[in-house]
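Visitor: So here's start27.tsv (TSV, C-alpha atoms and all ligand atoms).
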chain	number	residue	atom	x	y	z
A	33	MET	CA	-27.13	2.75	34.77
A	34	GLU	CA	-23.61	3.98	35.48
A	35	LYS	CA	-21.55	3.71	32.30
A	36	LEU	CA	-18.36	1.67	32.11
A	37	ARG	CA	-15.21	3.80	31.68
A	38	VAL	CA	-13.42	2.98	28.46
A	39	GLY	CA	-9.88	3.61	27.26
A	40	ILE	CA	-8.85	3.42	23.59
A	41	LEU	CA	-5.28	2.32	22.93
A	42	GLY	CA	-4.26	3.75	19.55
A	43	GLY	CA	-7.24	6.13	19.70
A	44	THR	CA	-5.65	8.66	17.33
A	45	GLY	CA	-5.40	6.18	14.41
A	46	MET	CA	-8.00	5.27	11.83
A	47	VAL	CA	-9.52	2.37	13.75
A	48	GLY	CA	-9.18	4.35	16.98
A	49	GLN	CA	-11.16	7.22	15.42
A	50	ARG	CA	-13.87	4.75	14.43
A	51	PHE	CA	-14.06	3.60	18.09
A	52	VAL	CA	-14.34	7.22	19.21
A	53	SER	CA	-17.17	7.85	16.72
A	54	LEU	CA	-19.09	4.66	17.50
A	55	LEU	CA	-18.85	5.21	21.25
A	56	ASP	CA	-20.19	8.77	21.11
A	57	ASN	CA	-23.38	8.67	23.23
A	58	HIS	CA	-23.10	4.90	23.72
A	59	PRO	CA	-25.68	3.78	26.32
A	60	TRP	CA	-23.26	1.55	28.29
A	61	PHE	CA	-19.74	2.86	27.61
A	62	GLU	CA	-18.05	6.23	28.00
A	63	VAL	CA	-14.64	7.09	26.52
A	64	VAL	CA	-12.62	8.61	29.37
A	65	THR	CA	-9.06	7.87	28.21
A	66	ILE	CA	-7.31	7.88	24.86
A	67	ALA	CA	-3.75	6.63	24.59
A	68	ALA	CA	-1.38	6.68	21.62
A	69	SER	CA	2.34	6.93	20.84
A	70	PRO	CA	4.71	9.20	22.76
A	71	ARG	CA	4.38	11.58	19.76
A	72	SER	CA	0.77	12.31	20.70
A	73	ALA	CA	1.01	11.97	24.49
A	74	GLY	CA	0.42	15.20	26.42
A	75	LYS	CA	-1.54	16.86	23.60
A	76	THR	CA	-5.30	17.30	23.50
A	77	TYR	CA	-7.01	14.65	21.34
A	78	GLU	CA	-8.03	17.34	18.87
A	79	LYS	CA	-4.44	18.55	18.51
A	80	ALA	CA	-2.91	15.05	18.41
A	81	VAL	CA	-5.21	13.98	15.57
A	82	GLY	CA	-4.81	17.29	13.74
A	83	ASP	CA	-5.68	16.91	10.06
A	84	ARG	CA	-5.75	13.07	10.32
A	85	TRP	CA	-9.48	12.89	11.26
A	86	LYS	CA	-10.89	10.49	8.66
A	87	MET	CA	-14.47	9.93	9.80
A	88	ALA	CA	-17.44	11.27	7.84
A	89	THR	CA	-18.96	12.73	11.03
A	90	PRO	CA	-17.18	15.47	13.04
A	91	MET	CA	-14.98	14.66	16.04
A	92	PRO	CA	-17.27	14.33	19.11
A	93	GLU	CA	-17.02	17.35	21.45
A	94	SER	CA	-16.70	15.03	24.46
A	95	VAL	CA	-13.22	13.82	23.43
A	96	LYS	CA	-11.69	16.94	21.87
A	97	ASN	CA	-10.08	18.13	25.09
A	98	LEU	CA	-9.04	14.76	26.56
A	99	ILE	CA	-5.27	14.80	27.11
A	100	VAL	CA	-3.81	11.86	25.17
A	101	MET	CA	-1.83	9.44	27.33
A	102	ASN	CA	1.16	7.28	26.37
A	103	VAL	CA	0.13	3.67	25.61
A	104	ASN	CA	3.30	2.50	27.37
A	105	ASP	CA	2.21	4.06	30.70
A	106	ILE	CA	0.21	0.93	31.44
A	107	VAL	CA	-0.42	1.40	35.16
A	108	GLU	CA	-1.52	5.04	34.74
A	109	VAL	CA	-3.82	4.33	31.80
A	110	SER	CA	-5.35	1.25	33.48
A	111	ALA	CA	-6.02	3.11	36.73
A	112	GLY	CA	-8.79	5.24	35.25
A	113	VAL	CA	-10.69	2.72	33.11
A	114	ASP	CA	-12.87	-0.39	33.47
A	115	PHE	CA	-11.64	-1.89	30.17
A	116	VAL	CA	-9.82	-0.89	26.97
A	117	PHE	CA	-10.21	-1.31	23.23
A	118	SER	CA	-6.88	-1.88	21.50
A	119	ALA	CA	-6.08	-0.51	18.03
A	120	VAL	CA	-2.40	0.38	18.33
A	121	ASP	CA	-0.05	-0.13	15.46
A	122	MET	CA	3.19	-1.61	16.83
A	123	THR	CA	5.08	-4.81	16.03
A	124	LYS	CA	3.22	-8.04	16.69
A	125	ASP	CA	5.50	-8.92	19.62
A	126	GLU	CA	5.09	-5.47	21.15
A	127	ILE	CA	1.30	-5.67	20.82
A	128	LYS	CA	1.24	-9.16	22.35
A	129	ALA	CA	3.27	-7.97	25.31
A	130	ILE	CA	1.41	-4.73	25.87
A	131	GLU	CA	-2.06	-6.32	25.67
A	132	GLU	CA	-1.00	-8.96	28.21
A	133	ALA	CA	0.46	-6.25	30.43
A	134	TYR	CA	-2.90	-4.42	30.41
A	135	ALA	CA	-4.78	-7.64	31.16
A	136	LYS	CA	-2.43	-8.31	34.08
A	137	THR	CA	-3.40	-4.98	35.67
A	138	GLY	CA	-6.95	-6.37	35.85
A	139	THR	CA	-8.09	-4.50	32.72
A	140	PRO	CA	-10.00	-6.48	30.08
A	141	VAL	CA	-8.68	-5.81	26.55
A	142	VAL	CA	-10.96	-6.08	23.52
A	143	SER	CA	-8.55	-6.00	20.63
A	144	ASN	CA	-8.73	-5.20	17.00
A	145	ASN	CA	-5.16	-6.41	16.46
A	146	SER	CA	-4.09	-9.72	15.01
A	147	ALA	CA	-1.29	-10.36	17.55
A	148	HIS	CA	-3.31	-12.68	19.84
A	149	ARG	CA	-5.60	-14.27	17.24
A	150	TRP	CA	-3.86	-17.63	17.57
A	151	THR	CA	-3.04	-17.57	21.28
A	152	PRO	CA	-4.81	-20.82	22.31
A	153	ASP	CA	-6.70	-19.41	25.32
A	154	VAL	CA	-7.64	-16.07	23.72
A	155	PRO	CA	-11.12	-16.18	22.18
A	156	MET	CA	-11.44	-14.74	18.66
A	157	VAL	CA	-15.09	-13.91	18.36
A	158	VAL	CA	-17.78	-12.78	15.95
A	159	PRO	CA	-20.56	-12.37	18.54
A	160	GLU	CA	-23.26	-13.94	16.32
A	161	LEU	CA	-21.08	-16.93	15.41
A	162	ASN	CA	-19.02	-18.23	18.31
A	163	PRO	CA	-19.82	-16.52	21.65
A	164	GLU	CA	-19.31	-19.90	23.37
A	165	HIS	CA	-15.55	-19.37	22.92
A	166	PHE	CA	-15.67	-16.86	25.82
A	167	GLU	CA	-15.51	-20.00	27.95
A	168	VAL	CA	-11.68	-20.07	27.61
A	169	ILE	CA	-11.38	-16.71	29.39
A	170	GLU	CA	-11.23	-18.50	32.75
A	171	ALA	CA	-8.19	-20.55	31.65
A	172	GLN	CA	-6.53	-17.44	30.24
A	173	LYS	CA	-7.03	-15.53	33.50
A	174	LYS	CA	-5.42	-18.42	35.35
A	175	ARG	CA	-2.41	-18.35	33.00
A	176	LEU	CA	-2.05	-14.57	33.35
A	177	GLY	CA	-2.58	-14.70	37.12
A	178	THR	CA	-5.44	-12.20	37.10
A	179	ASP	CA	-8.93	-12.34	38.51
A	180	ARG	CA	-10.38	-9.65	36.27
A	181	GLY	CA	-8.16	-8.93	33.25
A	182	PHE	CA	-8.16	-10.91	29.97
A	183	ILE	CA	-7.84	-10.44	26.21
A	184	VAL	CA	-10.52	-11.07	23.60
A	185	VAL	CA	-9.88	-10.42	19.91
A	186	LYS	CA	-11.93	-10.03	16.78
A	187	PRO	CA	-10.97	-11.65	13.48
A	188	ASN	CA	-9.62	-10.05	10.31
A	189	CYS	CA	-11.97	-7.70	8.46
A	190	SER	CA	-12.01	-9.80	5.25
A	191	ILE	CA	-13.79	-12.86	6.69
A	192	GLN	CA	-16.98	-11.04	7.70
A	193	SER	CA	-18.00	-10.80	4.05
A	194	TYR	CA	-18.32	-14.60	3.68
A	195	ALA	CA	-17.89	-16.48	7.00
A	196	PRO	CA	-21.31	-15.47	8.46
A	197	ALA	CA	-23.06	-16.61	5.25
A	198	LEU	CA	-21.31	-20.00	5.45
A	199	HIS	CA	-21.90	-20.27	9.20
A	200	ALA	CA	-25.66	-19.93	8.64
A	201	LEU	CA	-25.39	-22.97	6.30
A	202	LYS	CA	-23.42	-25.16	8.71
A	203	GLU	CA	-26.12	-27.85	8.88
A	204	PHE	CA	-25.41	-28.63	5.19
A	205	GLY	CA	-21.68	-29.13	5.84
A	206	PRO	CA	-19.75	-26.63	3.70
A	207	LYS	CA	-16.87	-28.73	2.33
A	208	VAL	CA	-14.92	-26.60	-0.17
A	209	VAL	CA	-14.91	-22.80	-0.28
A	210	VAL	CA	-13.26	-20.59	-2.90
A	211	ALA	CA	-13.42	-16.88	-2.09
A	212	THR	CA	-11.98	-13.84	-3.84
A	213	THR	CA	-12.14	-10.68	-1.74
A	214	TYR	CA	-12.26	-7.18	-3.21
A	215	GLN	CA	-10.99	-5.08	-0.33
A	216	ALA	CA	-11.42	-1.37	0.39
A	217	ILE	CA	-8.48	0.96	0.92
A	218	SER	CA	-9.61	1.91	4.45
A	219	GLY	CA	-8.51	-1.62	5.39
A	220	ALA	CA	-4.97	-0.33	5.00
A	221	GLY	CA	-5.79	2.73	7.13
A	222	LYS	CA	-5.89	4.89	3.99
A	223	ASN	CA	-8.20	7.11	1.97
A	224	PHE	CA	-7.80	8.28	-1.65
A	225	ALA	CA	-6.06	11.53	-0.61
A	226	ASP	CA	-3.23	9.64	1.05
A	227	TRP	CA	-3.13	6.71	-1.39
A	228	PRO	CA	-3.46	8.30	-4.88
A	229	GLU	CA	-1.93	5.18	-6.46
A	230	MET	CA	-5.26	3.44	-5.77
A	231	VAL	CA	-7.28	5.78	-8.01
A	232	ASP	CA	-8.13	3.90	-11.24
A	233	ASN	CA	-6.17	0.88	-10.04
A	234	VAL	CA	-6.35	-2.68	-8.67
A	235	ILE	CA	-3.48	-4.20	-6.67
A	236	PRO	CA	-3.48	-8.00	-6.52
A	237	PHE	CA	-1.64	-8.31	-3.20
A	238	ILE	CA	-2.41	-7.58	0.46
A	239	GLY	CA	0.36	-8.83	2.73
A	240	GLY	CA	-0.66	-11.81	4.92
A	241	GLU	CA	-4.33	-11.44	4.01
A	242	GLU	CA	-4.91	-14.71	2.18
A	243	GLU	CA	-3.60	-16.84	5.01
A	244	LYS	CA	-5.78	-14.98	7.52
A	245	SER	CA	-8.81	-15.29	5.23
A	246	GLU	CA	-8.31	-19.05	4.86
A	247	GLN	CA	-7.37	-19.92	8.44
A	248	GLU	CA	-9.34	-17.60	10.71
A	249	PRO	CA	-12.80	-18.99	9.84
A	250	LEU	CA	-11.52	-22.41	10.98
A	251	ARG	CA	-10.65	-20.99	14.38
A	252	ILE	CA	-14.09	-19.34	14.61
A	253	TRP	CA	-15.62	-22.78	13.91
A	254	GLY	CA	-13.25	-24.47	16.37
A	255	LYS	CA	-14.12	-26.27	19.62
A	256	VAL	CA	-13.21	-25.46	23.21
A	257	GLU	CA	-11.10	-28.27	24.67
A	258	ASP	CA	-9.28	-28.07	28.02
A	259	GLY	CA	-9.33	-24.27	28.15
A	260	LYS	CA	-8.10	-23.88	24.57
A	261	ILE	CA	-9.64	-23.32	21.17
A	262	VAL	CA	-8.89	-26.17	18.76
A	263	LYS	CA	-9.51	-25.10	15.18
A	264	ALA	CA	-11.97	-26.95	12.94
A	265	GLU	CA	-10.54	-29.22	10.26
A	266	GLY	CA	-12.79	-28.01	7.48
A	267	PRO	CA	-14.07	-26.73	5.16
A	268	VAL	CA	-11.05	-26.35	2.90
A	269	ILE	CA	-10.89	-22.64	2.12
A	270	THR	CA	-8.79	-21.03	-0.62
A	271	THR	CA	-8.77	-17.28	-1.23
A	272	GLN	CA	-7.35	-14.45	-3.31
A	273	CYS	CA	-7.38	-11.00	-1.70
A	274	ILE	CA	-7.30	-7.99	-3.97
A	275	ARG	CA	-7.17	-4.27	-3.18
A	276	VAL	CA	-9.72	-2.29	-5.18
A	277	PRO	CA	-10.44	1.45	-5.52
A	278	VAL	CA	-13.29	1.54	-2.97
A	279	SER	CA	-13.17	3.69	0.16
A	280	ASP	CA	-15.05	1.33	2.55
A	281	GLY	CA	-16.62	-2.12	2.24
A	282	HIS	CA	-15.06	-5.49	1.49
A	283	THR	CA	-16.82	-7.61	-1.15
A	284	ALA	CA	-16.32	-11.37	-1.54
A	285	ALA	CA	-17.16	-13.55	-4.56
A	286	VAL	CA	-17.67	-17.04	-3.15
A	287	PHE	CA	-18.01	-20.57	-4.54
A	288	VAL	CA	-19.03	-23.37	-2.18
A	289	SER	CA	-19.74	-27.11	-2.23
A	290	PHE	CA	-21.51	-28.99	0.57
A	291	GLU	CA	-21.57	-32.46	2.10
A	292	LYS	CA	-25.36	-32.35	1.71
A	293	LYS	CA	-26.32	-29.97	-1.10
A	294	PRO	CA	-29.21	-27.74	0.04
A	295	SER	CA	-31.89	-26.36	-2.26
A	296	LYS	CA	-31.85	-22.67	-3.06
A	297	GLU	CA	-34.96	-22.25	-0.88
A	298	GLU	CA	-33.21	-23.93	2.06
A	299	ILE	CA	-30.25	-21.55	1.71
A	300	MET	CA	-32.47	-18.48	1.54
A	301	LYS	CA	-34.43	-19.64	4.58
A	302	ALA	CA	-31.24	-20.27	6.58
A	303	TRP	CA	-29.86	-16.82	5.71
A	304	ASN	CA	-33.09	-14.93	6.34
A	305	GLU	CA	-33.76	-16.63	9.67
A	306	PHE	CA	-30.21	-16.58	11.02
A	307	LYS	CA	-29.94	-14.94	14.45
A	308	GLY	CA	-27.27	-14.88	17.12
A	309	LEU	CA	-26.99	-14.03	20.79
A	310	PRO	CA	-26.61	-10.26	20.10
A	311	GLN	CA	-30.05	-10.25	18.42
A	312	GLU	CA	-31.61	-12.35	21.20
A	313	LEU	CA	-30.15	-10.06	23.88
A	314	ASP	CA	-30.96	-6.95	21.81
A	315	LEU	CA	-27.47	-5.50	22.40
A	316	PRO	CA	-27.13	-1.77	21.62
A	317	SER	CA	-24.94	-2.24	18.50
A	318	ALA	CA	-26.54	-5.47	17.26
A	319	PRO	CA	-28.07	-5.30	13.79
A	320	LYS	CA	-31.73	-6.31	13.97
A	321	GLN	CA	-31.30	-8.40	10.81
A	322	PHE	CA	-27.69	-9.72	10.68
A	323	ILE	CA	-27.82	-11.15	7.13
A	324	LYS	CA	-29.81	-9.59	4.31
A	325	TYR	CA	-30.18	-11.14	0.86
A	326	PHE	CA	-30.84	-8.89	-2.14
A	327	GLU	CA	-32.88	-10.33	-5.03
A	328	GLU	CA	-31.60	-7.65	-7.45
A	329	ASP	CA	-28.85	-8.90	-9.77
A	330	ASN	CA	-26.69	-5.83	-9.21
A	331	ARG	CA	-26.57	-5.94	-5.39
A	332	PRO	CA	-24.93	-5.85	-2.91
A	333	GLN	CA	-22.87	-2.83	-3.95
A	334	ALA	CA	-20.18	-1.35	-1.72
A	335	LYS	CA	-21.40	2.21	-2.06
A	336	LEU	CA	-25.11	1.43	-1.64
A	337	ASP	CA	-25.05	-1.36	0.90
A	338	ARG	CA	-21.99	-1.13	3.18
A	339	ASP	CA	-23.98	0.97	5.70
A	340	TYR	CA	-26.78	-1.61	5.99
A	341	GLU	CA	-27.79	-1.79	9.68
A	342	SER	CA	-25.32	1.08	10.41
A	343	GLY	CA	-22.49	-0.97	8.92
A	344	MET	CA	-23.10	-3.91	11.31
A	345	GLY	CA	-25.10	-6.15	8.94
A	346	ILE	CA	-23.86	-8.44	6.17
A	347	THR	CA	-25.44	-8.17	2.72
A	348	LEU	CA	-25.55	-10.99	0.19
A	349	GLY	CA	-26.75	-11.47	-3.36
A	350	ARG	CA	-26.39	-13.34	-6.66
A	351	LEU	CA	-26.95	-16.84	-5.27
A	352	ARG	CA	-27.01	-19.34	-8.13
A	353	GLU	CA	-26.06	-22.93	-8.86
A	354	ASP	CA	-22.61	-23.43	-10.32
A	355	LYS	CA	-21.16	-25.87	-12.87
A	356	VAL	CA	-18.01	-26.66	-10.88
A	357	TYR	CA	-19.07	-26.11	-7.25
A	358	ASP	CA	-22.58	-26.42	-5.79
A	359	TYR	CA	-23.34	-22.69	-5.53
A	360	LYS	CA	-21.85	-19.23	-5.94
A	361	PHE	CA	-22.82	-15.94	-4.31
A	362	VAL	CA	-21.50	-12.48	-3.42
A	363	GLY	CA	-21.14	-11.00	0.09
A	364	LEU	CA	-20.34	-7.54	1.44
A	365	SER	CA	-19.49	-6.13	4.86
A	366	HIS	CA	-18.27	-2.78	6.17
A	367	ASN	CA	-14.61	-3.42	6.94
A	368	THR	CA	-14.00	-0.68	9.51
A	369	VAL	CA	-17.41	-1.02	11.23
A	370	ARG	CA	-18.45	-4.72	11.37
A	371	GLY	CA	-14.92	-5.76	10.34
A	372	ALA	CA	-13.06	-3.66	12.92
A	373	ALA	CA	-14.25	-1.21	15.60
A	374	GLY	CA	-17.99	-2.03	15.38
A	375	GLY	CA	-17.31	-5.75	15.73
A	376	ALA	CA	-15.16	-5.03	18.79
A	377	VAL	CA	-17.82	-2.77	20.36
A	378	LEU	CA	-20.47	-5.49	19.88
A	379	THR	CA	-18.06	-8.02	21.43
A	380	ALA	CA	-17.58	-5.75	24.45
A	381	GLU	CA	-21.36	-5.37	24.78
A	382	LEU	CA	-21.76	-9.14	24.85
A	383	LEU	CA	-18.92	-9.45	27.40
A	384	LYS	CA	-20.69	-6.91	29.58
A	385	ALA	CA	-24.09	-8.57	29.15
A	386	GLN	CA	-22.57	-11.89	30.22
A	387	GLY	CA	-20.78	-10.41	33.25
A	388	TYR	CA	-17.19	-10.74	31.96
A	389	ILE	CA	-16.65	-6.96	31.98
A	390	THR	CA	-17.80	-5.13	35.09
A	391	LYS	CA	-17.07	-1.90	36.89
A	392	LYS	CA	-13.68	-1.97	38.64
A	401	LIG	N1	-7.65	-0.07	9.16
A	401	LIG	C1	-8.38	-1.18	9.32
A	401	LIG	O1	-9.46	-1.35	8.73
A	401	LIG	C2	-7.91	-2.27	10.24
A	401	LIG	C3	-8.71	-3.39	10.35
A	401	LIG	C4	-8.34	-4.40	11.23
A	401	LIG	C5	-7.18	-4.26	11.95
A	401	LIG	N2	-6.39	-3.17	11.84
A	401	LIG	C6	-5.20	-3.09	12.71
A	401	LIG	O2	-5.48	-2.13	13.73
A	401	LIG	C7	-4.28	-1.44	14.09
A	401	LIG	C8	-4.49	0.04	13.90
A	401	LIG	O3	-4.75	0.30	12.54
A	401	LIG	P1	-4.99	1.77	12.01
A	401	LIG	O4	-5.35	1.63	10.58
A	401	LIG	O5	-5.93	2.49	12.91
A	401	LIG	O6	-3.50	2.39	12.17
A	401	LIG	P2	-3.07	3.92	12.27
A	401	LIG	O7	-4.11	4.81	11.68
A	401	LIG	O8	-1.70	4.00	11.75
A	401	LIG	O9	-3.05	4.20	13.86
A	401	LIG	C9	-2.13	3.60	14.69
A	401	LIG	C10	-2.32	4.00	16.16
A	401	LIG	O10	-1.26	3.40	16.90
A	401	LIG	C11	-0.47	4.39	17.55
A	401	LIG	N3	0.94	4.02	17.51
A	401	LIG	C12	1.71	3.89	16.41
A	401	LIG	N4	2.98	3.56	16.77
A	401	LIG	C13	2.99	3.48	18.12
A	401	LIG	C14	3.99	3.18	19.09
A	401	LIG	N5	5.23	2.90	18.73
A	401	LIG	N6	3.64	3.18	20.39
A	401	LIG	C15	2.36	3.45	20.77
A	401	LIG	N7	1.39	3.75	19.89
A	401	LIG	C16	1.71	3.76	18.59
A	401	LIG	C17	-0.72	5.66	16.77
A	401	LIG	O11	-0.45	6.79	17.60
A	401	LIG	P3	0.06	8.20	17.00
A	401	LIG	O12	-1.15	8.85	16.40
A	401	LIG	O13	0.54	8.90	18.19
A	401	LIG	O14	1.11	7.90	16.00
A	401	LIG	C18	-2.19	5.51	16.42
A	401	LIG	O15	-3.01	5.83	17.53
A	401	LIG	C19	-3.18	-2.03	13.21
A	401	LIG	O16	-2.50	-3.01	13.95
A	401	LIG	C20	-3.94	-2.63	12.05
A	401	LIG	O17	-3.22	-3.71	11.49
A	401	LIG	C21	-6.74	-2.16	10.99
Just give me the structure of the file as structure tokens.
Ligand SMILES: NC(=O)c1ccc[n+]([C@@H]2O[C@H](COP(=O)([O-])OP(=O)(O)OC[C@H]3O[C@@H](n4cnc5c(N)ncnc54)[C@H](OP(=O)(O)O)[C@@H]3O)[C@@H](O)[C@H]2O)c1

Guide:
Amino acid sequence: MEKLRVGILGGTGMVGQRFVSLLDNHPWFEVVTIAASPRSAGKTYEKAVGDRWKMATPMPESVKNLIVMNVNDIVEVSAGVDFVFSAVDMTKDEIKAIEEAYAKTGTPVVSNNSAHRWTPDVPMVVPELNPEHFEVIEAQKKRLGTDRGFIVVKPNCSIQSYAPALHALKEFGPKVVVATTYQAISGAGKNFADWPEMVDNVIPFIGGEEEKSEQEPLRIWGKVEDGKIVKAEGPVITTQCIRVPVSDGHTAAVFVSFEKKPSKEEIMKAWNEFKGLPQELDLPSAPKQFIKYFEEDNRPQAKLDRDYESGMGITLGRLREDKVYDYKFVGLSHNTVRGAAGGAVLTAELLKAQGYITKK
């Protein structure tokens, strides 16, 4: 099979590097273009990244000598690719405009950015949870006046540590959710060397994160109506998001009450048996088992469990009945793999499998 040609907007940054690493030897996609700010444009990828390479594995040989392009040269960048992943760091308005401009050249954009997460005809997708939202792409294409280009986004990294667990329990009607997230420093694009303040520290504030964590699951559980996503009315979700001294992996401590309280056995069964379209279609980046429950009292742990299913699975533990709510449990997901670039790659695989992304 001829591979699809991929461009990465913001490919020199932390999320961009994760895309580059995940796409090395990908069976369907090949990175042919990397674009970044004018500061990097014209340099080889290796030179543009310099000492900023933050991945645990070395930079793939295949990208080292690519000449970095300027993200703002939309026509030139689009000309050589079948679709792009977006991970640029610009203002929200700039990102909105530039992603639409790419889509209008007939180039599908799979974005890691938050700019379009609430644009009514842009699907925000976790492939196992709401692939049916791709249906609004047709309306979006009409609005943008394109027959091939569109934007699809993935949600914030924090919600993957609890929303899939709740989704698997939808038949019991989750009614009230209280979640505290313990979020890794890579979520801010940092490691300990460039954020020494985080060593031996906890910071009880992450700008904008609580609103995203409370609202985005409702959009994921929303309905398609007249070419738009209408968000779900419930459950009521309240969160606190806290930065903790962990390199990778967001943990969530969750309390939940249901319309119809399930037994512990029913919850375990729903989690263990939960499958989505990526598992049914056996997509290249799909975890075989999306949700894994640990019986051990001291799991999941960020360091031990974030790489479960290559960072694409969700791990849960500590399910017990609660005195105030029905149940409480703990969830964990890899924030830069499942929560960022990996989630976007899986989304692109599903878009390709369903014929939304094709060769130009
Ligand atoms: N880190 C995470 O876990 C995470 C998770 C979800 C979402 N996000 C979002 O993803 C985006 C990227 O995050 P990151 O952590 O990878 O950021 P980053 O490491 O700072 O990288 C930013 C990228 O954007 C490029 N860029 C910056 N200013 C630009 C400009 N004015 N014009 C064109 N390109 C520009 C940079 O190019 P140069 O190298 O040339 O400067 C670089 O490629 C952000 O919007 C962030 O909010 C991050």

Visitor: Determine the nearest neighbour of ligand LIG 401 (chain A) from the options A:Phe182, A:Phe290, A:Trp303, A:Phe51, counting only C-alpha atoms and all ligand atoms.

Guide: A:Phe51

Visitor: Hey, what's within 12 Å of Asp337 of chain A if we count only C-alpha atoms and toss same-chain stuff fewer than 4 positions away? As a CSV table (one decimal) with C-alpha atoms, keeping the file's coordinate frame, please?

Guide:
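out_1.csv, freshly written:
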chain,number,residue,atom,x,y,z
A,280,ASP,CA,-15.0,1.3,2.6
A,281,GLY,CA,-16.6,-2.1,2.2
A,282,HIS,CA,-15.1,-5.5,1.5
A,283,THR,CA,-16.8,-7.6,-1.2
A,323,ILE,CA,-27.8,-11.2,7.1
A,324,LYS,CA,-29.8,-9.6,4.3
A,325,TYR,CA,-30.2,-11.1,0.9
A,326,PHE,CA,-30.8,-8.9,-2.1
A,330,ASN,CA,-26.7,-5.8,-9.2
A,331,ARG,CA,-26.6,-5.9,-5.4
A,332,PRO,CA,-24.9,-5.8,-2.9
A,333,GLN,CA,-22.9,-2.8,-4.0
A,341,GLU,CA,-27.8,-1.8,9.7
A,342,SER,CA,-25.3,1.1,10.4
A,343,GLY,CA,-22.5,-1.0,8.9
A,344,MET,CA,-23.1,-3.9,11.3
A,345,GLY,CA,-25.1,-6.2,8.9
A,346,ILE,CA,-23.9,-8.4,6.2
A,347,THR,CA,-25.4,-8.2,2.7
A,348,LEU,CA,-25.6,-11.0,0.2
A,349,GLY,CA,-26.8,-11.5,-3.4
A,363,GLY,CA,-21.1,-11.0,0.1
A,364,LEU,CA,-20.3,-7.5,1.4
A,365,SER,CA,-19.5,-6.1,4.9
A,366,HIS,CA,-18.3,-2.8,6.2

Visitor: Which residues are near ligand LIG 401 (chain A) - at most 8 Å, using only C-alpha atoms and all ligand atoms? Format: as a VMD selection string.

Guide: chain A and resid 41 to 49 67 to 73 80 to 81 102 to 104 118 to 122 144 to 146 188 to 189 218 to 222 367 to 368 371 to 373

Visitor: How big is the axis-aligned box, and where does its centre sit, when it encloses all atoms of segment 264-269 of chain A listed in the file and has 4 Å added on every side, reported in Å to one decimal as AutoDock Vina command-line options?

Guide:
--center_x -12.3 --center_y -25.9 --center_z 7.5 --size_x 11.5 --size_y 14.6 --size_z 18.8

Visitor: Taking (-11.5, -11.0, 18.9) in the file's coordinates as the center, which residues reach within 6 Å of it, counting only C-alpha atoms, put as an MDAnalysis selection string?

Guide: chainID A and resid 156:157 184:187

Visitor: With all atoms listed in the file as the atoms that count, which of A:Gly240, A:Asp258, A:Lys392, A:Gly138 lies nearest to Val107 of chain A?

Guide: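 Looking at the shortest contact to Val107 of chain A, the residue is A:Gly138.
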
Visitor: For atom CA of Lys96 of chain A and atom CA of Thr76 of chain A, quote the distance in Å rounded to one decimal.

Guide: 6.6 Å

Visitor: In the coordinates of the file, take the point (-6.4, -15.1, 32.4) and a cut-off of 12 Å; then, counting only C-alpha atoms, name each qualifying protein, DNA or RNA residue as number ranges by chain.

Guide: A: 131-141, 151-155, 166-184, 259-260, 388

Visitor: Taking only C-alpha atoms into account, name the residue in A:Lys86, A:Lys296, A:Lys124, A:Lys244 that is nearest to Thr270 of chain A.

Guide: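 Ranking A:Lys86, A:Lys296, A:Lys124, A:Lys244 by distance to Thr270 of chain A, first place goes to A:Lys244.
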
Visitor: Suppose you want the space between atom CA of Val362 of chain A and atom CA of Glu328 of chain A; what is it in Å?

Guide: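 Separation between atom CA of Val362 of chain A and atom CA of Glu328 of chain A: 11.9 Å.
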
Visitor: Out of A:Thr123, A:Ile235, A:Gln272, A:Glu164, which residue has the shortest atom-to-atom distance to Glu257 of chain A when counting only C-alpha atoms?

Guide: A:Glu164

Visitor: Check the smallest atom-to-atom distance from each of A:His165, A:Lys355, A:Arg149, A:Lys202 to Phe306 of chain A using all atoms listed in the file, then report the winner.

Guide: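 Counting all atoms listed in the file, the residue closest to Phe306 of chain A is A:Lys202.
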
Visitor: With only C-alpha atoms as the counted atoms, please give the residues lying no more than 9 Å from Thr390 of chain A, apart from itself and same-chain residues fewer than 3 positions off, as a short mmCIF file (atom, residue, chain, number, x, y, z; two decimals) with C-alpha atoms, keeping the file's coordinate frame.

Guide:
data_model
loop_
_atom_site.label_atom_id
_atom_site.label_comp_id
_atom_site.auth_asym_id
_atom_site.auth_seq_id
_atom_site.Cartn_x
_atom_site.Cartn_y
_atom_site.Cartn_z
CA LEU A 36 -18.36 1.67 32.11
CA ASP A 114 -12.87 -0.39 33.47
CA PHE A 115 -11.64 -1.89 30.17
CA ARG A 180 -10.38 -9.65 36.27
CA LEU A 383 -18.92 -9.45 27.40
CA LYS A 384 -20.69 -6.91 29.58
CA GLY A 387 -20.78 -10.41 33.25
#

Visitor: Which value, in Å to one decimal, gives the distance between atom CA of Tyr357 of chain A and atom CA of Ala211 of chain A?

Guide: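 Taking atom CA of Tyr357 of chain A as the start and atom CA of Ala211 of chain A as the end point, the length is 12.0 Å.
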
Visitor: Of the candidates A:Leu315, A:Ala216, A:Met300, A:Val209, which one gets nearest to Val268 of chain A if we count only C-alpha atoms?

Guide: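 Ranking A:Leu315, A:Ala216, A:Met300, A:Val209 by distance to Val268 of chain A, first place goes to A:Val209.
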